[in-house]
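**Student:** This is upload-v7.pdb, which holds PDB, C-alpha atoms:
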ATOM      1  CA  MET A  28     -16.625  -3.448   4.714
ATOM      2  CA  ASN A  29     -14.402  -6.496   4.391
ATOM      3  CA  LYS A  30     -10.866  -5.210   4.964
ATOM      4  CA  PHE A  31      -9.403  -7.680   2.469
ATOM      5  CA  LYS A  32     -11.217  -5.829  -0.321
ATOM      6  CA  LEU A  33      -8.937  -2.874   0.396
ATOM      7  CA  PHE A  34      -5.879  -4.693  -0.930
ATOM      8  CA  LEU A  35      -4.665  -3.650  -4.346
ATOM      9  CA  LEU A  36      -4.505  -5.741  -7.476
ATOM     10  CA  ASN A  37      -0.753  -6.115  -6.936
ATOM     11  CA  LEU A  38      -1.589  -8.601  -4.182
ATOM     12  CA  VAL A  39      -3.435 -10.987  -6.474
ATOM     13  CA  PRO A  40      -1.737 -14.400  -6.814
ATOM     14  CA  SER A  41       0.499 -14.476  -9.888
ATOM     15  CA  LYS A  42      -1.712 -16.741 -12.038
ATOM     16  CA  LYS A  43      -4.722 -14.498 -11.458
ATOM     17  CA  TRP A  44      -2.532 -11.385 -11.904
ATOM     18  CA  ARG A  45      -1.383 -12.578 -15.335
ATOM     19  CA  GLN A  46      -5.033 -13.086 -16.290
ATOM     20  CA  ILE A  47      -5.917  -9.557 -15.126
ATOM     21  CA  ILE A  48      -2.957  -8.080 -17.030
ATOM     22  CA  LYS A  49      -3.973  -9.943 -20.185
ATOM     23  CA  THR A  50      -7.613  -8.831 -19.829
ATOM     24  CA  HIS A  51      -6.739  -5.175 -19.218
ATOM     25  CA  TYR A  52      -3.523  -4.918 -21.270
ATOM     26  CA  GLN A  53      -4.702  -1.987 -23.379
ATOM     27  CA  THR A  54      -6.131  -0.215 -20.335
ATOM     28  CA  LEU A  55      -2.768  -0.380 -18.577
ATOM     29  CA  HIS A  56      -1.115   1.515 -21.440
ATOM     30  CA  THR A  57      -3.356   4.551 -21.091
ATOM     31  CA  LYS A  58      -3.853   7.146 -18.405
ATOM     32  CA  ASP A  59      -6.357   4.932 -16.578
ATOM     33  CA  PHE A  60      -6.437   1.587 -14.839
ATOM     34  CA  ILE A  61      -9.352  -0.480 -13.579
ATOM     35  CA  TYR A  62     -10.083  -0.345  -9.840
ATOM     36  CA  LYS A  63     -13.262  -1.842  -8.386
ATOM     37  CA  SER A  64     -14.634  -2.210 -11.934
ATOM     38  CA  LYS A  65     -14.179   1.496 -12.697
ATOM     39  CA  PRO A  66     -11.427   3.423 -14.469
ATOM     40  CA  LEU A  67      -9.150   5.453 -12.227
ATOM     41  CA  LYS A  68      -6.469   7.870 -13.441
ATOM     42  CA  LEU A  69      -2.845   6.940 -12.824
ATOM     43  CA  PHE A  70      -1.172   9.307 -10.367
ATOM     44  CA  GLN A  71       1.653  11.409 -11.800
ATOM     45  CA  SER A  72       4.555  12.766  -9.780
ATOM     46  CA  ASP A  73       8.266  13.525  -9.969
ATOM     47  CA  TYR A  74       8.751  11.459  -6.845
ATOM     48  CA  ASN A  75       8.830   7.727  -7.639
ATOM     49  CA  CYS A  76       5.718   7.660  -9.886
ATOM     50  CA  GLY A  77       6.541   9.018 -13.290
ATOM     51  CA  TYR A  78       4.401  10.548 -16.020
ATOM     52  CA  TYR A  79       2.107   9.248 -18.760
ATOM     53  CA  GLU A  80       4.563   9.967 -21.546
ATOM     54  CA  ASN A  81       7.448   8.294 -19.713
ATOM     55  CA  ARG A  82       7.979   5.240 -17.595
ATOM     56  CA  MET A  83       5.668   4.919 -14.587
ATOM     57  CA  SER A  84       6.115   2.764 -11.496
ATOM     58  CA  GLU A  85       3.544   0.804  -9.481
ATOM     59  CA  ARG A  86       3.443   3.838  -7.190
ATOM     60  CA  ALA A  87       1.280   5.569  -9.869
ATOM     61  CA  VAL A  88      -1.426   2.996  -9.103
ATOM     62  CA  GLU A  89      -0.835   2.946  -5.340
ATOM     63  CA  MET A  90      -1.042   6.718  -4.986
ATOM     64  CA  ALA A  91      -4.163   7.006  -7.150
ATOM     65  CA  ILE A  92      -5.923   4.514  -4.882
ATOM     66  CA  THR A  93      -4.429   6.167  -1.794
ATOM     67  CA  LYS A  94      -5.836   9.547  -2.866
ATOM     68  CA  LEU A  95      -9.263   7.991  -3.413
ATOM     69  CA  TRP A  96      -9.104   6.325   0.019
ATOM     70  CA  LEU A  97      -7.889   9.491   1.766
ATOM     71  CA  ASP A  98     -10.780  11.455   0.243
ATOM     72  CA  LYS A  99     -13.312   8.954   1.631
ATOM     73  CA  ILE A 100     -11.977   8.579   5.175
ATOM     74  CA  ASP A 101     -13.315  10.814   7.935
ATOM     75  CA  GLY A 102     -11.283  11.497  11.031
ATOM     76  CA  GLU A 103      -7.652  11.082  11.901
ATOM     77  CA  ILE A 104      -5.407   8.868   9.800
ATOM     78  CA  THR A 105      -2.213   7.232  11.006
ATOM     79  CA  GLU A 106       0.251   6.150   8.364
ATOM     80  CA  LEU A 107       2.675   3.305   9.005
ATOM     81  CA  GLY A 108       5.777   4.157   6.996
ATOM     82  CA  ALA A 109       6.379   7.614   5.586
ATOM     83  CA  VAL A 110       5.045   7.511   2.026
ATOM     84  CA  SER A 111       2.068   9.865   1.723
ATOM     85  CA  PRO A 112       3.939  12.953   3.036
ATOM     86  CA  TYR A 113       6.022  12.865  -0.146
ATOM     87  CA  TYR A 114       2.840  13.119  -2.247
ATOM     88  CA  PHE A 115       0.086  14.561  -0.050
ATOM     89  CA  PRO A 116       1.591  16.773   2.662
ATOM     90  CA  ARG A 117      -0.765  17.126   5.635
ATOM     91  CA  ALA A 118      -3.145  14.403   4.350
ATOM     92  CA  VAL A 119      -2.572  12.190   7.392
ATOM     93  CA  THR A 120      -2.643  13.075  11.069
ATOM     94  CA  HIS A 121       0.283  10.938  12.264
ATOM     95  CA  VAL A 122       3.160   9.208  10.527
ATOM     96  CA  CYS A 123       4.841   6.288  12.264
ATOM     97  CA  ASP A 124       8.285   5.479  10.888
ATOM     98  CA  PRO A 125      11.301   4.711  13.053
ATOM     99  CA  TYR A 126      13.800   5.458  10.280
ATOM    100  CA  ASP A 127      12.508   8.093   7.828
ATOM    101  CA  SER A 128      13.695  11.648   8.460
ATOM    102  CA  HIS A 129      10.717  13.385   6.820
ATOM    103  CA  LYS A 130       9.444  16.272   8.954
ATOM    104  CA  SER A 131       5.916  14.755   9.046
ATOM    105  CA  VAL A 132       7.129  11.705  10.971
ATOM    106  CA  ASP A 133       5.893  12.307  14.513
ATOM    107  CA  LEU A 134       5.963   8.722  15.799
ATOM    108  CA  LYS A 135       9.548   7.393  15.699
ATOM    109  CA  CYS A 136       8.645   3.869  16.788
ATOM    110  CA  SER A 137       7.689   0.468  15.470
ATOM    111  CA  LEU A 138       4.083  -0.109  14.485
ATOM    112  CA  PHE A 139       4.181  -2.928  17.053
ATOM    113  CA  ASP A 140       4.556  -0.262  19.767
ATOM    114  CA  LEU A 141       1.310   1.460  18.756
ATOM    115  CA  ASP A 142      -2.274   0.786  19.725
ATOM    116  CA  LEU A 143      -4.106   0.850  16.391
ATOM    117  CA  SER A 144      -7.523   0.156  17.924
ATOM    118  CA  GLY A 145     -10.295   1.929  16.056
ATOM    119  CA  LYS A 146      -7.866   3.965  13.939
ATOM    120  CA  ASN A 147      -7.780   4.627  10.215
ATOM    121  CA  ILE A 148      -4.494   3.096   9.069
ATOM    122  CA  LEU A 149      -2.629   3.749   5.830
ATOM    123  CA  CYS A 150       0.296   1.449   5.024
ATOM    124  CA  ILE A 151       1.766   1.912   1.532
ATOM    125  CA  SER A 152       4.622  -0.402   0.505
ATOM    126  CA  THR A 153       5.892  -0.687   4.064
ATOM    127  CA  ILE A 154       5.109  -4.096   5.571
ATOM    128  CA  GLU A 155       7.346  -5.927   3.101
ATOM    129  CA  HIS A 156      10.369  -4.306   4.798
ATOM    130  CA  ILE A 157       9.578  -5.490   8.336
ATOM    131  CA  ALA A 158      12.176  -7.859   9.827
ATOM    132  CA  THR A 159      14.208  -8.066   6.612
ATOM    133  CA  GLY A 160      17.243  -5.974   7.494
ATOM    134  CA  ASP A 161      16.372  -3.467   4.748
ATOM    135  CA  TYR A 162      17.945  -0.041   5.110
ATOM    136  CA  GLY A 163      20.604  -1.441   7.452
ATOM    137  CA  VAL A 164      18.106  -2.000  10.270
ATOM    138  CA  ALA A 165      18.774  -4.839  12.706
ATOM    139  CA  ILE A 166      16.322  -7.711  12.316
ATOM    140  CA  ASN A 167      13.889  -8.095  15.193
ATOM    141  CA  THR A 168      12.806 -11.745  15.157
ATOM    142  CA  ALA A 169       9.726 -10.897  17.256
ATOM    143  CA  GLU A 170       8.352  -8.937  14.287
ATOM    144  CA  SER A 171       7.265 -10.086  10.847
ATOM    145  CA  PRO A 172       5.243  -8.778   7.909
ATOM    146  CA  LEU A 173       2.435 -11.240   8.649
ATOM    147  CA  LEU A 174       2.288 -10.173  12.305
ATOM    148  CA  ALA A 175       2.106  -6.554  11.144
ATOM    149  CA  LEU A 176      -0.692  -7.403   8.725
ATOM    150  CA  LYS A 177      -2.583  -9.279  11.444
ATOM    151  CA  LYS A 178      -2.153  -6.391  13.887
ATOM    152  CA  ILE A 179      -3.491  -3.841  11.410
ATOM    153  CA  LEU A 180      -6.449  -5.952  10.338
ATOM    154  CA  ASN A 181      -7.382  -6.921  13.901
ATOM    155  CA  GLU A 182      -7.068  -3.470  15.461
ATOM    156  CA  ALA A 183      -7.795  -0.801  12.830
ATOM    157  CA  SER A 184     -11.312   0.244  11.958
ATOM    158  CA  ASN A 185     -10.298   1.081   8.362
ATOM    159  CA  SER A 186      -7.117   0.331   6.498
ATOM    160  CA  LEU A 187      -5.460   0.566   3.132
ATOM    161  CA  ILE A 188      -2.444  -1.720   2.864
ATOM    162  CA  THR A 189      -0.284  -2.304  -0.197
ATOM    163  CA  PHE A 190       2.933  -4.138  -0.913
ATOM    164  CA  PRO A 191       4.743  -5.151  -4.094
ATOM    165  CA  VAL A 192       4.742  -8.773  -5.187
ATOM    166  CA  GLY A 193       8.165 -10.376  -5.441
ATOM    167  CA  VAL A 194       9.872  -8.387  -2.695
ATOM    168  CA  ASN A 195       8.981 -10.371   0.434
ATOM    169  CA  THR A 196       8.752 -14.154   0.138
ATOM    170  CA  GLU A 197       6.757 -14.511   3.372
ATOM    171  CA  LEU A 198       3.997 -12.204   2.105
ATOM    172  CA  ASP A 199       4.082 -13.677  -1.408
ATOM    173  CA  ASN A 200       3.705 -17.216  -0.068
ATOM    174  CA  TYR A 201       0.902 -16.244   2.291
ATOM    175  CA  PHE A 202      -1.176 -14.469  -0.345
ATOM    176  CA  SER A 203      -0.532 -16.955  -3.114
ATOM    177  CA  ASN A 204      -2.242 -19.561  -0.907
ATOM    178  CA  GLN A 205      -5.271 -17.398  -0.006
ATOM    179  CA  LYS A 206      -8.688 -17.460  -1.595
ATOM    180  CA  TYR A 207      -9.805 -13.930  -0.877
ATOM    181  CA  LEU A 208     -10.964 -12.751  -4.301
TER     182      LEU A 208
END
Translate the structure described by the file into structure tokens.
**Tutor:**
Amino acid sequence: MNKFKLFLLNLVPSKKWRQIIKTHYQTLHTKDFIYKSKPLKLFQSDYNCGYYENRMSERAVEMAITKLWLDKIDGEITELGAVSPYYFPRAVTHVCDPYDSHKSVDLKCSLFDLDLSGKNILCISTIEHIATGDYGVAINTAESPLLALKKILNEASNSLITFPVGVNTELDNYFSNQKYL
């Protein structure tokens, strides 16, 4: 499977994104959204998602797709950035995050220190923080979101990678110039 097909709609260049929003406007105000031409239920949670009756964040879409992906993947899964443990405890085998204190984090290192060869990699809203100084972390100029993306795509056998548009200029610029749809 082409790994680029695993990226979420929130990675679509802004002009195309506006067209998708306009096309599916009514769908986005219900309990479903369109993923791979099929309706998928928004994920509800107290933790950074929300509920149908109230405001929901993009995490409601990310976690719905994450759950679908987790259900389809056989074998061990390594997550880069501690996100899924807050929603699906014990769903992944390893969690790599040098800064999160969640008890599921068993790899307190940079993703650049890991060999991802042949692994199933989950990376939810994490790569946009690399080399930005977010969370008071010193910037490592040898790292970048695009290098992280390249590493995952070149080494992993399967991956699900998401990031929000408008948070990291380097990623936004890269994907706005791509013709991957």
**Student:** Taking all atoms listed in the file into account, which of A:Ser72, A:Tyr79, A:Ser186, A:Asn181 comes nearest Trp96 of chain A?
**Tutor:**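 Smallest distance to Trp96 of chain A is found for A:Ser186.
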**Student:** Just how far from atom CA of Lys177 of chain A is atom CA of Cys136 of chain A, in Å to one decimal?
**Tutor:**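 The value is 18.1 Å.
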**Student:** Using all atoms listed in the file, determine which residues lie at most 12 Å from Lys99 of chain A, disregarding the query and same-chain residues fewer than 3 positions distant; provide the list as a ChimeraX atom specification.
**Tutor:** /A:92-96,102-104,118,147,185-187
**Student:** Can you list what the PyMOL selection byres ((chain A and resi 111) around 10) grabs from this structure, as a list in words?
**Tutor:**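 With the shown file as input, the PyMOL selection byres ((chain A and resi 111) around 10) matches Met90, Thr93, Lys94, Leu97, Glu106, Leu107, Gly108, Ala109, Val110, Pro112, Tyr113, Tyr114, Phe115, Pro116, Arg117, Ala118, Val119, Val122, Ser131, Leu149, Cys150 and Ile151 of chain A.
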**Student:** In Å to one decimal, how far is atom CA of Ser171 of chain A from atom CA of Leu198 of chain A?
**Tutor:**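 Distance reported for this atom pair: 9.6 Å.
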**Student:** Can you tell me which residues surround Arg86 of chain A at a distance of at most 8 Å, considering all atoms listed in the file, apart from same-chain residues fewer than 5 positions away, and format the answer as a list in words?
**Tutor:**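 Close residues of Arg86 of chain A: Phe70, Asn75 and Cys76 of chain A.
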**Student:** Please, what is the axis-aligned box for every listed atom of segment 86-95 of chain A with 6 Å on each side, as centre and edge lengths in Å to one decimal, as AutoDock Vina command-line options?
**Tutor:**
--center_x -2.9 --center_y 6.2 --center_z -5.8 --size_x 24.7 --size_y 18.6 --size_z 20.1
**Student:** Could you name the residues that touch Ile157 of chain A at 8 Å or less, counting only C-alpha atoms, but leaving out those on the same chain fewer than 4 positions away, as a VMD selection string?
**Tutor:** chain A and resid 153 161 170 to 172
**Student:** Distance atom CA of Leu173 of chain A-atom CA of Leu141 of chain A, one decimal place?
**Tutor:** 16.3 Å
**Student:** Would you mind completing segment 83-105 of chain A to N, CA, C and O atoms and writing the output as a CSV table (one decimal), keeping the file's coordinate frame?
**Tutor:**
chain,number,residue,atom,x,y,z
A,83,MET,N,6.4,4.7,-15.9
A,83,MET,CA,5.7,4.9,-14.6
A,83,MET,C,5.9,3.7,-13.7
A,83,MET,O,6.0,2.6,-14.2
A,84,SER,N,5.9,3.9,-12.4
A,84,SER,CA,6.1,2.8,-11.5
A,84,SER,C,4.8,2.3,-10.9
A,84,SER,O,3.8,3.0,-11.1
A,85,GLU,N,4.8,1.3,-10.1
A,85,GLU,CA,3.5,0.8,-9.5
A,85,GLU,C,3.0,1.8,-8.5
A,85,GLU,O,1.8,1.9,-8.2
A,86,ARG,N,3.9,2.8,-8.1
A,86,ARG,CA,3.4,3.8,-7.2
A,86,ARG,C,2.4,4.7,-7.8
A,86,ARG,O,1.5,5.3,-7.1
A,87,ALA,N,2.3,4.8,-9.2
A,87,ALA,CA,1.3,5.6,-9.9
A,87,ALA,C,-0.1,5.0,-9.6
A,87,ALA,O,-1.1,5.7,-9.5
A,88,VAL,N,-0.2,3.7,-9.5
A,88,VAL,CA,-1.4,3.0,-9.1
A,88,VAL,C,-1.7,3.1,-7.6
A,88,VAL,O,-2.8,3.5,-7.2
A,89,GLU,N,-0.7,2.9,-6.8
A,89,GLU,CA,-0.8,2.9,-5.3
A,89,GLU,C,-1.3,4.3,-4.9
A,89,GLU,O,-2.2,4.5,-4.1
A,90,MET,N,-0.7,5.4,-5.4
A,90,MET,CA,-1.0,6.7,-5.0
A,90,MET,C,-2.4,7.2,-5.5
A,90,MET,O,-3.1,7.9,-4.8
A,91,ALA,N,-2.8,6.7,-6.7
A,91,ALA,CA,-4.2,7.0,-7.2
A,91,ALA,C,-5.2,6.4,-6.2
A,91,ALA,O,-6.2,7.1,-5.8
A,92,ILE,N,-5.0,5.2,-5.8
A,92,ILE,CA,-5.9,4.5,-4.9
A,92,ILE,C,-5.8,5.1,-3.5
A,92,ILE,O,-6.8,5.3,-2.8
A,93,THR,N,-4.6,5.5,-3.1
A,93,THR,CA,-4.4,6.2,-1.8
A,93,THR,C,-5.2,7.5,-1.8
A,93,THR,O,-5.9,7.8,-0.8
A,94,LYS,N,-5.1,8.3,-2.8
A,94,LYS,CA,-5.8,9.5,-2.9
A,94,LYS,C,-7.3,9.3,-2.8
A,94,LYS,O,-8.0,10.0,-2.0
A,95,LEU,N,-7.8,8.3,-3.5
A,95,LEU,CA,-9.3,8.0,-3.4
A,95,LEU,C,-9.7,7.6,-2.0
A,95,LEU,O,-10.7,8.1,-1.5
A,96,TRP,N,-8.8,6.8,-1.4
A,96,TRP,CA,-9.1,6.3,0.0
A,96,TRP,C,-9.0,7.5,1.0
A,96,TRP,O,-9.9,7.6,1.8
A,97,LEU,N,-8.0,8.3,0.9
A,97,LEU,CA,-7.9,9.5,1.8
A,97,LEU,C,-9.1,10.4,1.7
A,97,LEU,O,-9.6,11.0,2.7
A,98,ASP,N,-9.6,10.6,0.5
A,98,ASP,CA,-10.8,11.5,0.2
A,98,ASP,C,-12.1,10.9,0.9
A,98,ASP,O,-13.0,11.6,1.2
A,99,LYS,N,-12.1,9.6,1.1
A,99,LYS,CA,-13.3,9.0,1.6
A,99,LYS,C,-13.3,8.8,3.1
A,99,LYS,O,-14.3,8.6,3.8
A,100,ILE,N,-12.1,8.9,3.7
A,100,ILE,CA,-12.0,8.6,5.2
A,100,ILE,C,-12.2,9.8,6.0
A,100,ILE,O,-11.6,10.9,5.7
A,101,ASP,N,-13.1,9.7,7.0
A,101,ASP,CA,-13.3,10.8,7.9
A,101,ASP,C,-12.5,10.6,9.2
A,101,ASP,O,-12.3,9.4,9.6
A,102,GLY,N,-12.0,11.6,9.8
A,102,GLY,CA,-11.3,11.5,11.0
A,102,GLY,C,-9.8,11.4,10.8
A,102,GLY,O,-9.3,11.6,9.7
A,103,GLU,N,-9.1,11.2,11.9
A,103,GLU,CA,-7.7,11.1,11.9
A,103,GLU,C,-7.2,9.8,11.2
A,103,GLU,O,-7.8,8.8,11.2
A,104,ILE,N,-6.0,10.0,10.5
A,104,ILE,CA,-5.4,8.9,9.8
A,104,ILE,C,-4.0,8.7,10.3
A,104,ILE,O,-3.2,9.7,10.4
A,105,THR,N,-3.6,7.5,10.6
A,105,THR,CA,-2.2,7.2,11.0
A,105,THR,C,-1.6,6.4,9.9
A,105,THR,O,-2.1,5.4,9.5
